[in-house]
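Q: File my_file.pdb below, PDB, C-alpha atoms and all ligand atoms:
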```pdb
ATOM      1  CA  MET L1419     -31.114   2.686   2.073
ATOM      2  CA  ASP L1420     -27.955   4.677   2.734
ATOM      3  CA  ILE L1421     -25.063   2.210   2.562
ATOM      4  CA  ARG L1422     -22.526   4.737   3.840
ATOM      5  CA  GLU L1423     -24.600   5.228   6.972
ATOM      6  CA  TYR L1424     -24.902   1.445   7.397
ATOM      7  CA  LEU L1425     -21.127   1.031   6.994
ATOM      8  CA  ARG L1426     -20.423   3.857   9.447
ATOM      9  CA  GLU L1427     -22.732   2.461  12.089
ATOM     10  CA  LYS L1428     -21.317  -1.074  11.773
ATOM     11  CA  LYS L1429     -17.755   0.241  11.776
ATOM     12  CA  GLU L1430     -18.391   2.054  15.056
ATOM     13  CA  PHE L1431     -19.831  -1.139  16.531
ATOM     14  CA  ILE L1432     -16.775  -3.170  15.449
ATOM     15  CA  ASP L1433     -14.392  -0.474  16.748
ATOM     16  CA  ARG L1434     -15.992  -0.781  20.198
ATOM     17  CA  GLU L1435     -16.054  -4.592  20.192
ATOM     18  CA  LEU L1436     -12.420  -4.868  19.096
ATOM     19  CA  LEU L1437     -11.325  -2.895  22.146
ATOM     20  CA  LYS L1438     -13.204  -5.313  24.396
ATOM     21  CA  PHE L1439     -11.279  -8.215  22.865
ATOM     22  CA  LEU L1440      -7.904  -6.780  23.818
ATOM     23  CA  PRO L1441      -6.388  -8.505  26.863
ATOM     24  CA  ARG L1442      -5.320  -6.381  29.850
ATOM     25  CA  GLU L1443      -2.100  -4.411  29.522
ATOM     26  CA  PRO L1444       0.773  -6.521  30.881
ATOM     27  CA  GLU L1445       3.135  -5.363  33.617
ATOM     28  CA  TYR L1446       6.204  -5.721  31.379
ATOM     29  CA  GLY L1447       6.525  -5.611  27.607
ATOM     30  CA  LYS L1448       3.955  -2.817  27.358
ATOM     31  CA  LYS L1449       5.381  -1.830  23.968
ATOM     32  CA  LEU L1450       3.870  -4.934  22.386
ATOM     33  CA  TYR L1451       0.455  -4.141  23.844
ATOM     34  CA  GLN L1452       0.700  -0.543  22.653
ATOM     35  CA  ALA L1453       1.750  -1.602  19.144
ATOM     36  CA  VAL L1454      -1.159  -4.062  18.925
ATOM     37  CA  LYS L1455      -3.637  -1.482  20.187
ATOM     38  CA  TYR L1456      -2.263   1.192  17.863
ATOM     39  CA  SER L1457      -2.452  -1.064  14.793
ATOM     40  CA  LEU L1458      -5.973  -2.163  15.596
ATOM     41  CA  THR L1459      -7.481   1.191  16.506
ATOM     42  CA  VAL L1460      -5.757   3.653  14.188
ATOM     43  CA  GLY L1461      -8.421   3.331  11.468
ATOM     44  CA  GLY L1462      -9.673   1.010   8.767
ATOM     45  CA  LYS L1463     -12.993   0.493   7.022
ATOM     46  CA  ARG L1464     -13.745  -2.777   8.912
ATOM     47  CA  LEU L1465     -15.004  -4.230   5.665
ATOM     48  CA  ARG L1466     -14.311  -7.881   6.529
ATOM     49  CA  PRO L1467     -16.142  -7.841   9.884
ATOM     50  CA  ILE L1468     -19.027  -5.948   8.286
ATOM     51  CA  LEU L1469     -19.262  -8.589   5.553
ATOM     52  CA  CYS L1470     -19.236 -11.276   8.250
ATOM     53  CA  ILE L1471     -22.098  -9.842  10.325
ATOM     54  CA  THR L1472     -24.092  -8.916   7.219
ATOM     55  CA  ALA L1473     -23.725 -12.462   5.835
ATOM     56  CA  CYS L1474     -24.907 -13.824   9.179
ATOM     57  CA  GLN L1475     -27.990 -11.644   8.889
ATOM     58  CA  VAL L1476     -28.717 -12.534   5.261
ATOM     59  CA  VAL L1477     -29.080 -16.239   6.144
ATOM     60  CA  GLY L1478     -31.505 -15.311   8.935
ATOM     61  CA  GLY L1479     -29.076 -15.318  11.870
ATOM     62  CA  ASP L1480     -28.683 -12.744  14.631
ATOM     63  CA  PRO L1481     -25.887 -10.422  13.407
ATOM     64  CA  LEU L1482     -24.693  -9.953  16.987
ATOM     65  CA  SER L1483     -23.889 -13.667  17.173
ATOM     66  CA  ALA L1484     -21.131 -13.107  14.575
ATOM     67  CA  THR L1485     -19.282 -10.467  16.624
ATOM     68  CA  THR L1486     -16.448 -12.823  17.631
ATOM     69  CA  PRO L1487     -15.568 -14.132  14.131
ATOM     70  CA  ALA L1488     -16.010 -10.592  12.793
ATOM     71  CA  CYS L1489     -13.431  -9.231  15.240
ATOM     72  CA  ALA L1490     -11.097 -12.195  14.663
ATOM     73  CA  LEU L1491     -11.171 -11.466  10.918
ATOM     74  CA  GLU L1492     -10.256  -7.829  11.517
ATOM     75  CA  MET L1493      -7.352  -8.884  13.748
ATOM     76  CA  ILE L1494      -6.032 -11.191  11.024
ATOM     77  CA  HIS L1495      -6.462  -8.526   8.360
ATOM     78  CA  THR L1496      -4.683  -5.961  10.561
ATOM     79  CA  TYR L1497      -1.797  -8.355  11.227
ATOM     80  CA  SER L1498      -1.425  -8.866   7.469
ATOM     81  CA  LEU L1499      -1.214  -5.103   6.915
ATOM     82  CA  VAL L1500       1.326  -4.663   9.737
ATOM     83  CA  HIS L1501       3.569  -7.356   8.233
ATOM     84  CA  ASP L1502       2.958  -6.231   4.652
ATOM     85  CA  ASP L1503       4.194  -2.726   5.521
ATOM     86  CA  LEU L1504       7.521  -3.961   6.948
ATOM     87  CA  PRO L1505      10.758  -2.984   5.179
ATOM     88  CA  ALA L1506      11.292  -6.663   4.277
ATOM     89  CA  MET L1507       7.996  -6.625   2.385
ATOM     90  CA  ASP L1508       6.398  -3.450   0.987
ATOM     91  CA  ASN L1509       8.413  -0.984   3.057
ATOM     92  CA  ASP L1510       5.478   1.404   3.490
ATOM     93  CA  THR L1511       5.446   4.311   5.934
ATOM     94  CA  LEU L1512       1.784   5.357   5.859
ATOM     95  CA  ARG L1513      -1.245   3.193   6.628
ATOM     96  CA  ARG L1514      -4.777   4.154   7.618
ATOM     97  CA  GLY L1515      -3.642   7.782   7.568
ATOM     98  CA  HIS L1516      -0.949   7.271  10.205
ATOM     99  CA  PRO L1517       2.675   6.087  10.390
ATOM    100  CA  THR L1518       2.904   2.323   9.893
ATOM    101  CA  THR L1519       3.425   0.182  13.000
ATOM    102  CA  TRP L1520       7.096  -0.455  12.222
ATOM    103  CA  VAL L1521       7.757   3.280  11.778
ATOM    104  CA  LYS L1522       6.150   4.013  15.136
ATOM    105  CA  PHE L1523       7.401   1.061  17.206
ATOM    106  CA  GLY L1524      10.372  -0.378  15.298
ATOM    107  CA  GLU L1525      10.589  -3.412  13.057
ATOM    108  CA  ALA L1526      10.994  -6.081  15.709
ATOM    109  CA  THR L1527       7.947  -4.931  17.676
ATOM    110  CA  ALA L1528       5.916  -4.678  14.452
ATOM    111  CA  VAL L1529       6.734  -8.320  13.653
ATOM    112  CA  LEU L1530       5.668  -9.304  17.176
ATOM    113  CA  ALA L1531       2.519  -7.154  17.056
ATOM    114  CA  GLY L1532       1.469  -8.947  13.852
ATOM    115  CA  ASP L1533       2.186 -12.326  15.459
ATOM    116  CA  ALA L1534       0.207 -11.307  18.546
ATOM    117  CA  LEU L1535      -2.795 -10.170  16.481
ATOM    118  CA  LEU L1536      -2.869 -13.422  14.527
ATOM    119  CA  ASN L1537      -2.750 -15.447  17.735
ATOM    120  CA  ARG L1538      -5.310 -13.258  19.481
ATOM    121  CA  ALA L1539      -7.737 -13.896  16.631
ATOM    122  CA  PHE L1540      -7.632 -17.641  17.247
ATOM    123  CA  GLU L1541      -7.654 -17.188  21.031
ATOM    124  CA  ILE L1542     -10.973 -15.334  20.871
ATOM    125  CA  LEU L1543     -12.383 -17.876  18.433
ATOM    126  CA  ALA L1544     -11.344 -20.767  20.692
ATOM    127  CA  ASP L1545     -12.960 -19.044  23.710
ATOM    128  CA  TRP L1546     -16.124 -18.164  21.787
ATOM    129  CA  ASN L1547     -19.138 -19.441  23.679
ATOM    130  CA  PHE L1548     -21.032 -20.825  20.690
ATOM    131  CA  ASP L1549     -22.336 -23.993  19.048
ATOM    132  CA  CYS L1550     -19.223 -26.203  18.828
ATOM    133  CA  GLU L1551     -19.843 -27.662  15.395
ATOM    134  CA  ARG L1552     -20.338 -24.269  13.749
ATOM    135  CA  LYS L1553     -17.415 -22.810  15.694
ATOM    136  CA  VAL L1554     -15.003 -25.468  14.393
ATOM    137  CA  LYS L1555     -16.264 -24.914  10.838
ATOM    138  CA  VAL L1556     -15.671 -21.167  11.206
ATOM    139  CA  ILE L1557     -12.152 -21.702  12.586
ATOM    140  CA  SER L1558     -11.376 -24.118   9.752
ATOM    141  CA  GLU L1559     -12.635 -21.663   7.125
ATOM    142  CA  ILE L1560     -10.738 -18.663   8.533
ATOM    143  CA  SER L1561      -7.477 -20.514   9.215
ATOM    144  CA  LYS L1562      -7.346 -22.031   5.726
ATOM    145  CA  ALA L1563      -8.157 -18.708   4.080
ATOM    146  CA  SER L1564      -5.428 -16.871   5.934
ATOM    147  CA  GLY L1565      -2.789 -19.612   5.949
ATOM    148  CA  MET L1566      -0.234 -21.222   3.675
ATOM    149  CA  LEU L1567      -2.730 -22.076   0.936
ATOM    150  CA  GLY L1568      -4.531 -18.764   1.330
ATOM    151  CA  MET L1569      -3.479 -15.200   2.093
ATOM    152  CA  VAL L1570       0.099 -16.036   3.132
ATOM    153  CA  LEU L1571       0.611 -17.942  -0.138
ATOM    154  CA  GLY L1572      -0.817 -14.987  -2.059
ATOM    155  CA  GLN L1573       1.637 -12.693  -0.335
ATOM    156  CA  GLN L1574       4.576 -14.952  -1.284
ATOM    157  CA  CYS L1575       3.410 -14.991  -4.916
ATOM    158  CA  ASP L1576       3.064 -11.211  -4.821
ATOM    159  CA  LEU L1577       6.665 -10.889  -3.623
ATOM    160  CA  ASP L1578       7.826 -13.350  -6.296
ATOM    161  CA  ALA L1579       6.107 -11.315  -9.008
ATOM    162  CA  GLU L1580       7.678  -8.001  -7.995
ATOM    163  CA  GLY L1581       9.783  -6.463 -10.761
ATOM    164  CA  ARG L1582       8.918  -9.223 -13.272
ATOM    165  CA  LYS L1583       7.556  -8.203 -16.655
ATOM    166  CA  ASP L1584       6.363 -11.701 -17.601
ATOM    167  CA  VAL L1585       3.516 -12.007 -15.061
ATOM    168  CA  SER L1586       0.511 -13.426 -16.918
ATOM    169  CA  LEU L1587      -3.114 -12.487 -16.224
ATOM    170  CA  LYS L1588      -3.585 -16.048 -14.907
ATOM    171  CA  GLU L1589      -0.786 -15.553 -12.368
ATOM    172  CA  LEU L1590      -2.089 -12.112 -11.391
ATOM    173  CA  LEU L1591      -5.554 -13.575 -10.785
ATOM    174  CA  PHE L1592      -4.011 -16.310  -8.634
ATOM    175  CA  ILE L1593      -2.136 -13.708  -6.565
ATOM    176  CA  HIS L1594      -5.175 -11.513  -6.014
ATOM    177  CA  ARG L1595      -7.554 -14.371  -5.302
ATOM    178  CA  HIS L1596      -5.204 -15.591  -2.573
ATOM    179  CA  LYS L1597      -3.706 -12.411  -1.146
ATOM    180  CA  THR L1598      -6.952 -10.453  -0.891
ATOM    181  CA  GLY L1599      -9.820 -12.650  -2.030
ATOM    182  CA  ARG L1600      -9.582 -15.607   0.319
ATOM    183  CA  LEU L1601     -10.030 -13.595   3.536
ATOM    184  CA  ILE L1602     -12.925 -11.642   2.046
ATOM    185  CA  THR L1603     -14.645 -14.889   1.034
ATOM    186  CA  ALA L1604     -13.936 -16.385   4.475
ATOM    187  CA  SER L1605     -15.580 -13.330   6.072
ATOM    188  CA  LEU L1606     -18.813 -14.020   4.205
ATOM    189  CA  VAL L1607     -18.734 -17.789   4.595
ATOM    190  CA  SER L1608     -17.959 -17.651   8.320
ATOM    191  CA  GLY L1609     -20.836 -15.214   8.812
ATOM    192  CA  GLY L1610     -23.116 -17.566   6.877
ATOM    193  CA  ILE L1611     -22.013 -20.574   8.949
ATOM    194  CA  THR L1612     -22.528 -18.640  12.190
ATOM    195  CA  GLY L1613     -26.057 -17.714  11.129
ATOM    196  CA  GLY L1614     -26.894 -21.344  10.327
ATOM    197  CA  GLY L1615     -27.087 -20.915   6.532
ATOM    198  CA  SER L1616     -27.928 -23.899   4.307
ATOM    199  CA  LYS L1617     -25.334 -25.506   2.012
ATOM    200  CA  GLU L1618     -26.837 -23.663  -0.946
ATOM    201  CA  GLU L1619     -26.723 -20.331   0.901
ATOM    202  CA  ILE L1620     -23.088 -20.836   1.980
ATOM    203  CA  GLU L1621     -22.122 -21.628  -1.621
ATOM    204  CA  ALA L1622     -23.897 -18.469  -2.795
ATOM    205  CA  LEU L1623     -21.949 -16.441  -0.223
ATOM    206  CA  ARG L1624     -18.725 -18.103  -1.393
ATOM    207  CA  ARG L1625     -19.390 -17.149  -5.014
ATOM    208  CA  PHE L1626     -20.341 -13.626  -3.955
ATOM    209  CA  GLY L1627     -17.118 -13.375  -1.916
ATOM    210  CA  ASP L1628     -14.913 -14.623  -4.763
ATOM    211  CA  SER L1629     -16.284 -12.011  -7.162
ATOM    212  CA  VAL L1630     -16.425  -9.148  -4.705
ATOM    213  CA  GLY L1631     -12.900  -9.967  -3.446
ATOM    214  CA  LEU L1632     -11.549  -9.739  -6.968
ATOM    215  CA  ALA L1633     -13.429  -6.492  -7.642
ATOM    216  CA  PHE L1634     -12.050  -5.079  -4.386
ATOM    217  CA  GLN L1635      -8.469  -5.831  -5.434
ATOM    218  CA  ILE L1636      -8.960  -4.477  -8.959
ATOM    219  CA  ILE L1637     -10.203  -1.194  -7.477
ATOM    220  CA  ASP L1638      -7.242  -1.223  -5.086
ATOM    221  CA  ASP L1639      -4.981  -1.364  -8.163
ATOM    222  CA  VAL L1640      -6.926   1.504  -9.761
ATOM    223  CA  LEU L1641      -6.771   3.653  -6.617
ATOM    224  CA  ASP L1642      -3.027   3.148  -6.428
ATOM    225  CA  VAL L1643      -2.890   5.027  -9.750
ATOM    226  CA  VAL L1644      -5.718   7.572  -9.522
ATOM    227  CA  GLY L1645      -6.483   7.707  -5.782
ATOM    228  CA  GLU L1646      -5.691  10.504  -3.369
ATOM    229  CA  GLU L1647      -3.242   9.783  -0.567
ATOM    230  CA  GLU L1648      -5.313  11.853   1.863
ATOM    231  CA  LYS L1649      -8.527   9.888   1.267
ATOM    232  CA  LEU L1650      -6.800   6.518   1.089
ATOM    233  CA  GLY L1651      -4.583   7.085   4.111
ATOM    234  CA  LYS L1652      -1.714   5.238   2.444
ATOM    235  CA  ASN L1653       1.028   5.910  -0.056
ATOM    236  CA  VAL L1654      -0.171   5.930  -3.663
ATOM    237  CA  GLY L1655       1.856   5.006  -6.737
ATOM    238  CA  SER L1656       3.597   2.278  -4.789
ATOM    239  CA  ASP L1657       2.743  -0.509  -7.282
ATOM    240  CA  ALA L1658       4.491   1.290 -10.148
ATOM    241  CA  GLN L1659       7.396   2.216  -7.904
ATOM    242  CA  LYS L1660       7.882  -1.427  -6.936
ATOM    243  CA  GLY L1661       7.516  -2.614 -10.520
ATOM    244  CA  LYS L1662       4.304  -4.532  -9.804
ATOM    245  CA  ILE L1663       2.104  -5.779 -12.623
ATOM    246  CA  THR L1664      -1.520  -4.936 -11.769
ATOM    247  CA  PHE L1665      -4.932  -4.963 -13.435
ATOM    248  CA  VAL L1666      -4.193  -1.442 -14.598
ATOM    249  CA  SER L1667      -1.069  -2.706 -16.410
ATOM    250  CA  PHE L1668      -3.266  -5.165 -18.319
ATOM    251  CA  PHE L1669      -6.427  -3.161 -18.932
ATOM    252  CA  GLY L1670      -5.695   0.506 -18.175
ATOM    253  CA  VAL L1671      -7.659   2.449 -15.548
ATOM    254  CA  GLU L1672     -11.010   2.428 -17.390
ATOM    255  CA  GLY L1673     -10.655  -1.188 -18.522
ATOM    256  CA  ALA L1674      -9.844  -2.278 -14.963
ATOM    257  CA  ARG L1675     -12.862  -0.399 -13.585
ATOM    258  CA  LYS L1676     -15.049  -2.113 -16.184
ATOM    259  CA  ARG L1677     -13.696  -5.500 -15.143
ATOM    260  CA  ALA L1678     -14.429  -4.692 -11.501
ATOM    261  CA  GLU L1679     -18.000  -3.700 -12.415
ATOM    262  CA  GLU L1680     -18.452  -7.008 -14.251
ATOM    263  CA  GLU L1681     -17.287  -8.884 -11.146
ATOM    264  CA  VAL L1682     -19.677  -6.909  -8.957
ATOM    265  CA  ASN L1683     -22.595  -7.719 -11.280
ATOM    266  CA  LYS L1684     -21.583 -11.378 -11.095
ATOM    267  CA  ALA L1685     -21.415 -11.091  -7.301
ATOM    268  CA  ILE L1686     -24.896  -9.567  -7.103
ATOM    269  CA  GLU L1687     -26.246 -12.315  -9.355
ATOM    270  CA  SER L1688     -25.000 -14.923  -6.840
ATOM    271  CA  LEU L1689     -27.252 -13.435  -4.154
ATOM    272  CA  LYS L1690     -30.485 -14.382  -5.914
ATOM    273  CA  VAL L1691     -31.038 -17.282  -3.479
ATOM    274  CA  PHE L1692     -31.773 -14.714  -0.742
ATOM    275  CA  PRO L1693     -34.977 -12.670  -0.420
ATOM    276  CA  LYS L1694     -34.696  -9.180  -1.941
ATOM    277  CA  LYS L1695     -35.247  -7.425   1.383
ATOM    278  CA  GLU L1696     -32.428  -9.389   3.023
ATOM    279  CA  ARG L1697     -29.809  -9.225   0.273
ATOM    280  CA  ILE L1698     -29.950  -5.470  -0.253
ATOM    281  CA  TYR L1699     -27.124  -4.764   2.221
ATOM    282  CA  LEU L1700     -24.678  -7.157   0.537
ATOM    283  CA  GLU L1701     -25.669  -5.782  -2.879
ATOM    284  CA  GLU L1702     -25.013  -2.240  -1.745
ATOM    285  CA  ILE L1703     -21.675  -3.179  -0.145
ATOM    286  CA  ALA L1704     -20.651  -4.757  -3.472
ATOM    287  CA  ARG L1705     -21.553  -1.531  -5.295
ATOM    288  CA  PHE L1706     -19.690   0.524  -2.709
ATOM    289  CA  ILE L1707     -16.573  -1.546  -3.384
ATOM    290  CA  VAL L1708     -16.345  -0.375  -7.016
ATOM    291  CA  GLU L1709     -17.420   3.183  -6.305
ATOM    292  CA  ARG L1710     -15.171   3.747  -3.305
ATOM    293  CA  GLU L1711     -12.454   6.397  -3.267
ATOM    294  CA  TYR L1712     -10.724   5.075  -0.132
TER     295      TYR L1712
HETATM  296  C1  LIG L1801       1.857 -10.267   5.252
HETATM  297  C2  LIG L1801       0.840 -12.570   5.381
HETATM  298  C3  LIG L1801       0.815 -11.211   4.858
HETATM  299  C4  LIG L1801      -0.178 -10.906   4.010
HETATM  300  C5  LIG L1801      -0.397  -9.573   3.494
HETATM  301  C6  LIG L1801      -3.580  -8.268   2.602
HETATM  302  C7  LIG L1801      -2.140  -8.321   2.333
HETATM  303  C8  LIG L1801      -1.479  -9.628   2.479
HETATM  304  C9  LIG L1801      -1.429  -7.230   2.029
HETATM  305  C10 LIG L1801      -2.002  -5.904   1.911
HETATM  306  C11 LIG L1801      -1.478  -5.259   0.711
HETATM  307  C12 LIG L1801      -2.548  -4.643  -0.048
HETATM  308  C13 LIG L1801      -2.539  -3.155  -0.118
HETATM  309  C14 LIG L1801      -3.469  -5.386  -0.647
HETATM  310  C15 LIG L1801      -4.547  -4.811  -1.421
HETATM  311  C16 LIG L1801      -5.895  -5.062  -0.906
HETATM  312  C17 LIG L1801      -5.985  -4.766   0.527
HETATM  313  C18 LIG L1801      -5.992  -5.940   1.408
HETATM  314  C19 LIG L1801      -6.099  -3.526   0.947
HETATM  315  C20 LIG L1801      -6.247  -3.126   2.355
HETATM  316  O1  LIG L1801      -7.514  -3.483   2.813
HETATM  317  P1  LIG L1801      -8.612  -2.392   3.194
HETATM  318  O2  LIG L1801      -8.749  -1.393   2.094
HETATM  319  O3  LIG L1801      -7.874  -1.684   4.410
HETATM  320  O4  LIG L1801      -9.832  -3.088   3.636
HETATM  321  P2  LIG L1801      -8.469  -0.999   5.717
HETATM  322  O5  LIG L1801      -7.346  -0.139   6.212
HETATM  323  O6  LIG L1801      -9.689  -0.216   5.357
HETATM  324  O7  LIG L1801      -8.768  -2.120   6.654
END
```
Represent the structure of the file as structure tokens.

A:
Amino acid sequence: MDIREYLREKKEFIDRELLKFLPREPEYGKKLYQAVKYSLTVGGKRLRPILCITACQVVGGDPLSATTPACALEMIHTYSLVHDDLPAMDNDTLRRGHPTTWVKFGEATAVLAGDALLNRAFEILADWNFDCERKVKVISEISKASGMLGMVLGQQCDLDAEGRKDVSLKELLFIHRHKTGRLITASLVSGGITGGGSKEEIEALRRFGDSVGLAFQIIDDVLDVVGEEEKLGKNVGSDAQKGKITFVSFFGVEGARKRAEEEVNKAIESLKVFPKKERIYLEEIARFIVEREY
């Protein structure tokens, strides 16, 4: 099984579906539409939507049935990147290999484009023609993961930690679990709910998501030190420049990689409730996360 081929094929599917979820271009205020479209189509691995549709499949559901939550998750993730890149936050100029949204369209429009993407995500979820009980559960899962006790809280903690030398490993884990981990876990859990997974299966996906989310962030820290700007499509060395404590500060590059591998092994262990043939895709995605160079 070639995981890169699987990821490429699913990414192309998500790229096409995302375009279909864009509303028509308005008569006035076209700049907002263009900034939203630019942010959403300029690149990205589409990891969260792929996790969502793959989780739907692993519990025995039709992966196509998870297209709407998958695209909503990508819209939320993209909004978070657009806002994260703003001068008031990380002040980054390169994202997904292209100028950041604020560089291209100005700060005010970038703020609005992020707002629009977040809203659009919940618009498409609300309009999703699907079993109502599961739909509400999915909306609850995604909104909590991205909101003020989830990703947004993680981002605040990340800002608070900037430049501080006294950040403990406990605090760093809290930041990463919220800023990056919660949305990754929500991607898996919402896919599992959509596919009609049992309580035990959803809990397994949650544990898998928590470990894989942490591994993903640890590798992000590593790539910020040893990665190549060209492959990553974003500025490298920005953590050190901003005085951010990362996993590399605690464990060094090799130590951090080892920690990420341990998390991935833990993640794979959580999948044992699923038949071997079904869980192979999630296992391979977990391995890809530690081996990735972009
Ligand atoms: C602004 C509310 C708000 C939240 C921002 C996710 C986030 C929170 C900030 C992004 C900063 C960052 C670089 C986090 C590290 C992990 C991460 C989310 C990387 C980007 O995700 P990828 O690698 O990106 O999946 P692509 O471009 O492939 O979608």

Q: Between L:Gln1475, L:Ile1557, L:Asn1509, L:Gly1515, which one has atoms that come closest to L:Leu1491, using all atoms listed in the file?

A: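 Smallest distance to L:Leu1491 is found for L:Ile1557.
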
Q: Set the distance at 9 Å and use all atoms listed in the file: which residues neighbour L:Gly1568 once local chain neighbours fewer than 6 positions away are removed? I'd like the list as a PDB file with C-alpha atoms, in the frame of the given file.

A:
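Result written to selection.pdb:
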```pdb
ATOM      1  CA  SER L1561      -7.477 -20.514   9.215  1.00  0.00           C
ATOM      2  CA  LYS L1562      -7.346 -22.031   5.726  1.00  0.00           C
ATOM      3  CA  ARG L1595      -7.554 -14.371  -5.302  1.00  0.00           C
ATOM      4  CA  HIS L1596      -5.204 -15.591  -2.573  1.00  0.00           C
ATOM      5  CA  LYS L1597      -3.706 -12.411  -1.146  1.00  0.00           C
ATOM      6  CA  THR L1598      -6.952 -10.453  -0.891  1.00  0.00           C
ATOM      7  CA  GLY L1599      -9.820 -12.650  -2.030  1.00  0.00           C
ATOM      8  CA  ARG L1600      -9.582 -15.607   0.319  1.00  0.00           C
ATOM      9  CA  LEU L1601     -10.030 -13.595   3.536  1.00  0.00           C
TER      10      LEU L1601
END
```

Q: If the PyMOL selection byres (((chain L and resi 1689) around 9) and not hetatm) is run on the structure shown, which residues does it catch, given as a short mmCIF file (atom, residue, chain, number, x, y, z; two decimals) with C-alpha atoms, in the frame of the given file?

A:
```
data_model
loop_
_atom_site.label_atom_id
_atom_site.label_comp_id
_atom_site.auth_asym_id
_atom_site.auth_seq_id
_atom_site.Cartn_x
_atom_site.Cartn_y
_atom_site.Cartn_z
CA GLU L 1619 -26.72 -20.33 0.90
CA ALA L 1622 -23.90 -18.47 -2.80
CA LEU L 1623 -21.95 -16.44 -0.22
CA ARG L 1625 -19.39 -17.15 -5.01
CA PHE L 1626 -20.34 -13.63 -3.96
CA ALA L 1685 -21.42 -11.09 -7.30
CA ILE L 1686 -24.90 -9.57 -7.10
CA GLU L 1687 -26.25 -12.32 -9.36
CA SER L 1688 -25.00 -14.92 -6.84
CA LYS L 1690 -30.48 -14.38 -5.91
CA VAL L 1691 -31.04 -17.28 -3.48
CA PHE L 1692 -31.77 -14.71 -0.74
CA PRO L 1693 -34.98 -12.67 -0.42
CA LYS L 1694 -34.70 -9.18 -1.94
CA ARG L 1697 -29.81 -9.22 0.27
CA LEU L 1700 -24.68 -7.16 0.54
CA GLU L 1701 -25.67 -5.78 -2.88
#
```

Q: Report as a ChimeraX atom specification which protein, DNA and RNA residues come within 6 Å of ligand LIG 1801 (chain L), using all atoms listed in the file.

A: /L:1462-1465,1498-1499,1501-1502,1514,1569-1570,1573,1597-1598,1635,1638

Q: Find the residue from L:Leu1437, L:Ile1663, L:Lys1676, L:Glu1443 that sits nearest to L:Leu1587; use only C-alpha atoms when measuring.

A: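 Looking only at the distances to L:Leu1587, the closest residue turns out to be L:Ile1663.
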
Q: Looking at L:Ile1698, L:Ile1494, L:Ala1678, L:Met1507, which one is nearest to L:Met1419, with distances taken over only C-alpha atoms?

A: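 Once distances to L:Met1419 are computed over only C-alpha atoms, the minimum belongs to L:Ile1698.
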
Q: For each of L:Val1630, L:Gly1655, L:Asp1503, L:Gly1645, take the minimum atom-to-atom distance to L:Asn1683, counting all atoms listed in the file, then give the residue where this is smallest.

A: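 Nearest candidate to L:Asn1683 out of L:Val1630, L:Gly1655, L:Asp1503, L:Gly1645: L:Val1630.
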
Q: Go through the shown structure with the PyMOL selection byres (((chain L and resi 1479) around 10) and not hetatm) and write out the matching residues as a PyMOL selection string.

A: chain L and resi 1471-1478+1480-1484+1609-1615

Q: Translate the PyMOL selection byres (((chain L and resi 1450-1454) around 9) and not hetatm) into a concrete residue list for this structure, as a PDB file with C-alpha atoms, keeping the file's coordinate frame.

A:
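Output saved as result_12.pdb:
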```pdb
ATOM      1  CA  LEU L1440      -7.904  -6.780  23.818  1.00  0.00           C
ATOM      2  CA  PRO L1441      -6.388  -8.505  26.863  1.00  0.00           C
ATOM      3  CA  ARG L1442      -5.320  -6.381  29.850  1.00  0.00           C
ATOM      4  CA  GLU L1443      -2.100  -4.411  29.522  1.00  0.00           C
ATOM      5  CA  PRO L1444       0.773  -6.521  30.881  1.00  0.00           C
ATOM      6  CA  GLY L1447       6.525  -5.611  27.607  1.00  0.00           C
ATOM      7  CA  LYS L1448       3.955  -2.817  27.358  1.00  0.00           C
ATOM      8  CA  LYS L1449       5.381  -1.830  23.968  1.00  0.00           C
ATOM      9  CA  LYS L1455      -3.637  -1.482  20.187  1.00  0.00           C
ATOM     10  CA  TYR L1456      -2.263   1.192  17.863  1.00  0.00           C
ATOM     11  CA  SER L1457      -2.452  -1.064  14.793  1.00  0.00           C
ATOM     12  CA  LEU L1458      -5.973  -2.163  15.596  1.00  0.00           C
ATOM     13  CA  THR L1459      -7.481   1.191  16.506  1.00  0.00           C
ATOM     14  CA  TYR L1497      -1.797  -8.355  11.227  1.00  0.00           C
ATOM     15  CA  THR L1519       3.425   0.182  13.000  1.00  0.00           C
ATOM     16  CA  TRP L1520       7.096  -0.455  12.222  1.00  0.00           C
ATOM     17  CA  LYS L1522       6.150   4.013  15.136  1.00  0.00           C
ATOM     18  CA  PHE L1523       7.401   1.061  17.206  1.00  0.00           C
ATOM     19  CA  THR L1527       7.947  -4.931  17.676  1.00  0.00           C
ATOM     20  CA  ALA L1528       5.916  -4.678  14.452  1.00  0.00           C
ATOM     21  CA  LEU L1530       5.668  -9.304  17.176  1.00  0.00           C
ATOM     22  CA  ALA L1531       2.519  -7.154  17.056  1.00  0.00           C
ATOM     23  CA  GLY L1532       1.469  -8.947  13.852  1.00  0.00           C
ATOM     24  CA  ALA L1534       0.207 -11.307  18.546  1.00  0.00           C
ATOM     25  CA  LEU L1535      -2.795 -10.170  16.481  1.00  0.00           C
TER      26      LEU L1535
END
```

Q: What gap, in Å, lies between atom CA of L:Tyr1712 and atom CA of L:Ile1421?

A: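 Interatomic distance, atom CA of L:Tyr1712 to atom CA of L:Ile1421: 14.9 Å.
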
Q: Report, in Å with one decimal, the straight-line distance from atom CA of L:Arg1675 to atom CA of L:Ala1633.

A: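 Atom-to-atom, atom CA of L:Arg1675 to atom CA of L:Ala1633, that is 8.5 Å.
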
Q: Pick the closest to L:Glu1541 from L:Tyr1424, L:His1516, L:Lys1555, L:Pro1487: which is it, counting only C-alpha atoms?

A: L:Pro1487

Q: Using only C-alpha atoms for the distances, tell me which of L:Ser1586, L:Thr1603, L:Asn1653, L:Asn1537 is nearest to L:Asp1510.

A: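 Result for the nearest residue to L:Asp1510: L:Asn1653.
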